[in-house]
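Okay, structure first, notes after.
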Amino acid sequence: MSGRDEWDLVVVGAGPAGSTAALAALRADPSARVLLLDAADFPRDKVCGDGVAPHALDVLSDLGVDVDALVGGTRPITSLRLVSPRGVVAARAFARPAAVVPRFLLDERLVRAAVEAGAVLRRHRVRTVTAVDGAVLVDGTVRAPGVVGAHGAESVVRRHCGARPARPGTVAIALRGYAGSGPWREGEQSLTMTAEHWPAYAWAFPVGDGTANVGYGQLVRATAPTRAHLTQRLRDLLPGLPALRLRGHRLPLSTGRPDVGHGRVLLTGDAASLINPLTGEGIYYAVLSGRLAGAAALTADPAATYRRALRRHLGTHLRHTDVLARLTGRPWPLDVATAAARDGQGAFDRFVEIGLGAGTFDVHLALAMAGAVRKR
């Protein structure tokens, strides 16, 4: 890029958080000049579990996205099978269907929606972000009153805006691949937890085309686990998998989230460490934070507006998941929670809301878990 580009908003990263930020900004002001920058051409793959909760689809539908087209080519996920660290099994129907959409499809469809709404997409790898004269300068040539950092766990924007790095013990690591056969049922997501190297679990998320997204992840402690270790744990927990091409990724958990607003720079999704520490879910957080950041970026005080909006929508939920992440530092609470979900649809639904949406731990869950303890 050469010369000086002037925009109303620059969004760095055109994945779910970034594309949603662009959509939200254009919904707030259809005349806004919104630039989306991404280092890759679309469609492109992104390492992820590919699960899309109905909560995320609600956010996108509110912004005018055709969610039927967004999940086209996949089949609804109607149930979830949980296996606790000590082998307790809970298998129940979701209150609302979820979806599994490979990221090379999901991201391309979302960025296309943002471009159709009026955003301009450019392929460009951002290297510097600098505050100057009440605005933000990207790579010395692109200027805007605000910037949204939405380009993942290794965010350049996060580093340049002064946000602190993730604290030790707040990052997980995972391997993911696609399998054409294996231990899963069509229409059912499965999570198999293990007490070994806790917290850790393997997943199998059927896409609906005969394949499934399968993977294994665990919390990083003193040293990061090796690829060989992660691969072996996946095969131990999901035996019978064929040979897989596996790719790894880091998951910065919400227990280590930084301040999400720095002057006129806002952080969203993985760049803001918005990944559920109990489930690893990130798409709902990504599109919700993207929507809130995109709208806030066009206001007089973007950081304060964004913080307030994020606190209103996720504040209580994040406080609860922070506490629950600490309480589940040992496996047994998950055995009890899984037993409670096995024994009652109400407890199951509430746990799903905590893991996939913005749910909170309430008295009903406490009573359900107490009942599960009494039955042990």
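By order in the structure tokens, chains are A, B, ...; within a chain, residues start at 1; ligands start at 1, following the order shown.
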
Inset, instruction - Run DSSP on the backbone and give me the residues of segment 114-318 of chain A it puts in helix (DSSP H, G or I), as a ChimeraX atom specification. - result: /A:114-117,156-160,227-237,254-256,269-272,283-296,302-318

Inset, instruction - Skip Arg307 of chain A itself and residues of its chain fewer than 2 positions away, then list as number ranges by chain all residues within 9 Å of it, counting only C-alpha atoms. - result: A: 259-261, 293, 302-305, 309-312

Inset, instruction - Give me the residues within 12 Å of Val323 of chain A as an MDAnalysis selection string, counting only C-alpha atoms and dropping any in the same chain fewer than 4 places off. - result: chainID A and resid 254:255 277:278 316:319 327:329 360:361

Per residue of segment 197-312 of chain A within 12 Å of segment 59-65 of chain A, what are the shortest atom pair and its distance in Å to one decimal, counting only C-alpha atoms, with rows by chain and residue number, as a Markdown table?
```
| residue | atom | partner | partner_atom | distance |
| --- | --- | --- | --- | --- |
| A:Ile283 | CA | A:Val59 | CA | 10.7 |
| A:Tyr284 | CA | A:Val59 | CA | 8.2 |
| A:Tyr285 | CA | A:Val59 | CA | 10.1 |
| A:Ala286 | CA | A:Val59 | CA | 10.3 |
| A:Val287 | CA | A:Val59 | CA | 6.9 |
| A:Leu288 | CA | A:Val59 | CA | 6.4 |
| A:Ser289 | CA | A:Val59 | CA | 10.0 |
| A:Gly290 | CA | A:Val59 | CA | 9.8 |
| A:Arg291 | CA | A:Val59 | CA | 7.8 |
| A:Leu292 | CA | A:Val59 | CA | 10.2 |
| A:Gly294 | CA | A:Leu63 | CA | 11.3 |
| A:Ala295 | CA | A:Leu63 | CA | 11.2 |
```

Inset, instruction - Quick one: pick out all strand (DSSP E) residues within segment 247-351 of chain A from a backbone DSSP run and write them as a count of residues only. - result: 11

Legend entry - Pick from A:Cys161, A:Ala99, A:Val373, A:Ala56 nearest to Val148 of chain A, counting only C-alpha atoms: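 Closest residue, counting only C-alpha atoms: A:Cys161.
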
Inset, instruction - Just the residues within 12 Å of segment 362-368 of chain A, please, counting only C-alpha atoms, with nothing from its chain fewer than 5 positions along; format it as an NGL selection string. - result: :A and (316-317 or 320 or 324 or 333 or 336-354 or 373-375)

Inset, instruction - Skip Tyr178 of chain A itself and residues of its chain fewer than 2 positions away, then list as a count of residues only all residues within 7 Å of it, counting only C-alpha atoms. - result: 6

Legend entry - Polymer residues at most 10 Å from Gly87 of chain A, only C-alpha atoms, same-chain spacing of 2 or more positions, as a VMD selection string: chain A and resid 82 to 85 89 to 90 192 to 195 335 338 to 339

Inset, instruction - Give me, please, the distance in Å between atom CA of Leu26 of chain A and atom CA of His262 of chain A, quoted to one decimal. - result: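 About the pair atom CA of Leu26 of chain A and atom CA of His262 of chain A: they are 22.0 Å apart.
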
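With only C-alpha atoms as the atoms that count, the residue of A:Pro331, A:Pro145, A:Gly315, A:Pro54 with the shortest distance to Leu298 of chain A is A:Pro145.
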
Inset, instruction - Return the single residue from A:Arg81, A:Thr231, A:Leu253, A:Ala69 that is closest to Ala93 of chain A, with distances computed using only C-alpha atoms. - result: A:Arg81

Inset, instruction - Find, counting only C-alpha atoms, the residue in A:Pro206, A:Gly182, A:Gly355, A:Gly72 that gets nearest to Ile275 of chain A. - result: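 For Ile275 of chain A, the nearest of the given residues is A:Gly355.
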
Inset, instruction - Could you tell me how far atom CA of Ala271 of chain A lies from atom CA of Ser31 of chain A, in Å and to one decimal? - result: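 Separation of atom CA of Ala271 of chain A and atom CA of Ser31 of chain A: 27.2 Å.
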
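Closest approach to Ala243 of chain A among A:Ala179, A:Ala358, A:Leu80, A:Ala113: A:Ala179, based on only C-alpha atoms.
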
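Using only C-alpha atoms, the nearest neighbour of Arg127 of chain A within the list A:Leu36, A:Met369, A:Leu110, A:Val157 is A:Val157.
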
Against segment 5-16 of chain A, which residues of segment 33-90 of chain A fall within 10 Å? For each one I want the closest pair of atoms and the distance in Å (one decimal), counting only C-alpha atoms, rows by chain and increasing residue number, as a Markdown table.
```
| residue | atom | partner | partner_atom | distance |
| --- | --- | --- | --- | --- |
| A:Arg33 | CA | A:Asp8 | CA | 5.1 |
| A:Val34 | CA | A:Leu9 | CA | 4.9 |
| A:Leu35 | CA | A:Val10 | CA | 4.8 |
| A:Leu36 | CA | A:Val11 | CA | 4.9 |
| A:Leu37 | CA | A:Val12 | CA | 4.9 |
| A:Asp38 | CA | A:Gly13 | CA | 4.8 |
| A:Ala39 | CA | A:Gly13 | CA | 7.6 |
| A:Ala40 | CA | A:Ala14 | CA | 9.0 |
| A:Asp41 | CA | A:Ala14 | CA | 10.0 |
| A:Phe42 | CA | A:Ala14 | CA | 9.3 |
| A:Arg44 | CA | A:Gly15 | CA | 9.9 |
| A:Lys46 | CA | A:Gly15 | CA | 8.9 |
| A:Ala56 | CA | A:Pro16 | CA | 9.9 |
| A:Leu60 | CA | A:Pro16 | CA | 9.7 |
```

Give me, as a PDB file with C-alpha atoms, in the first residue's frame, all polymer residues having an atom no more than 8 Å from Pro239 of chain A, counting only C-alpha atoms and skipping those fewer than 4 positions away in the same chain.
```pdb
ATOM      1  CA  GLY A 182     -14.483 -42.632  13.512  1.00  0.00           C
ATOM      2  CA  PRO A 183     -16.233 -42.818  16.869  1.00  0.00           C
ATOM      3  CA  LEU A 234      -6.237 -37.735  20.691  1.00  0.00           C
ATOM      4  CA  ARG A 235      -5.859 -41.334  19.561  1.00  0.00           C
TER       5      ARG A 235
END
```

Legend entry - Between atom CA of Val171 of chain A and atom CA of Phe104 of chain A - distance in Å to one decimal: 24.1 Å
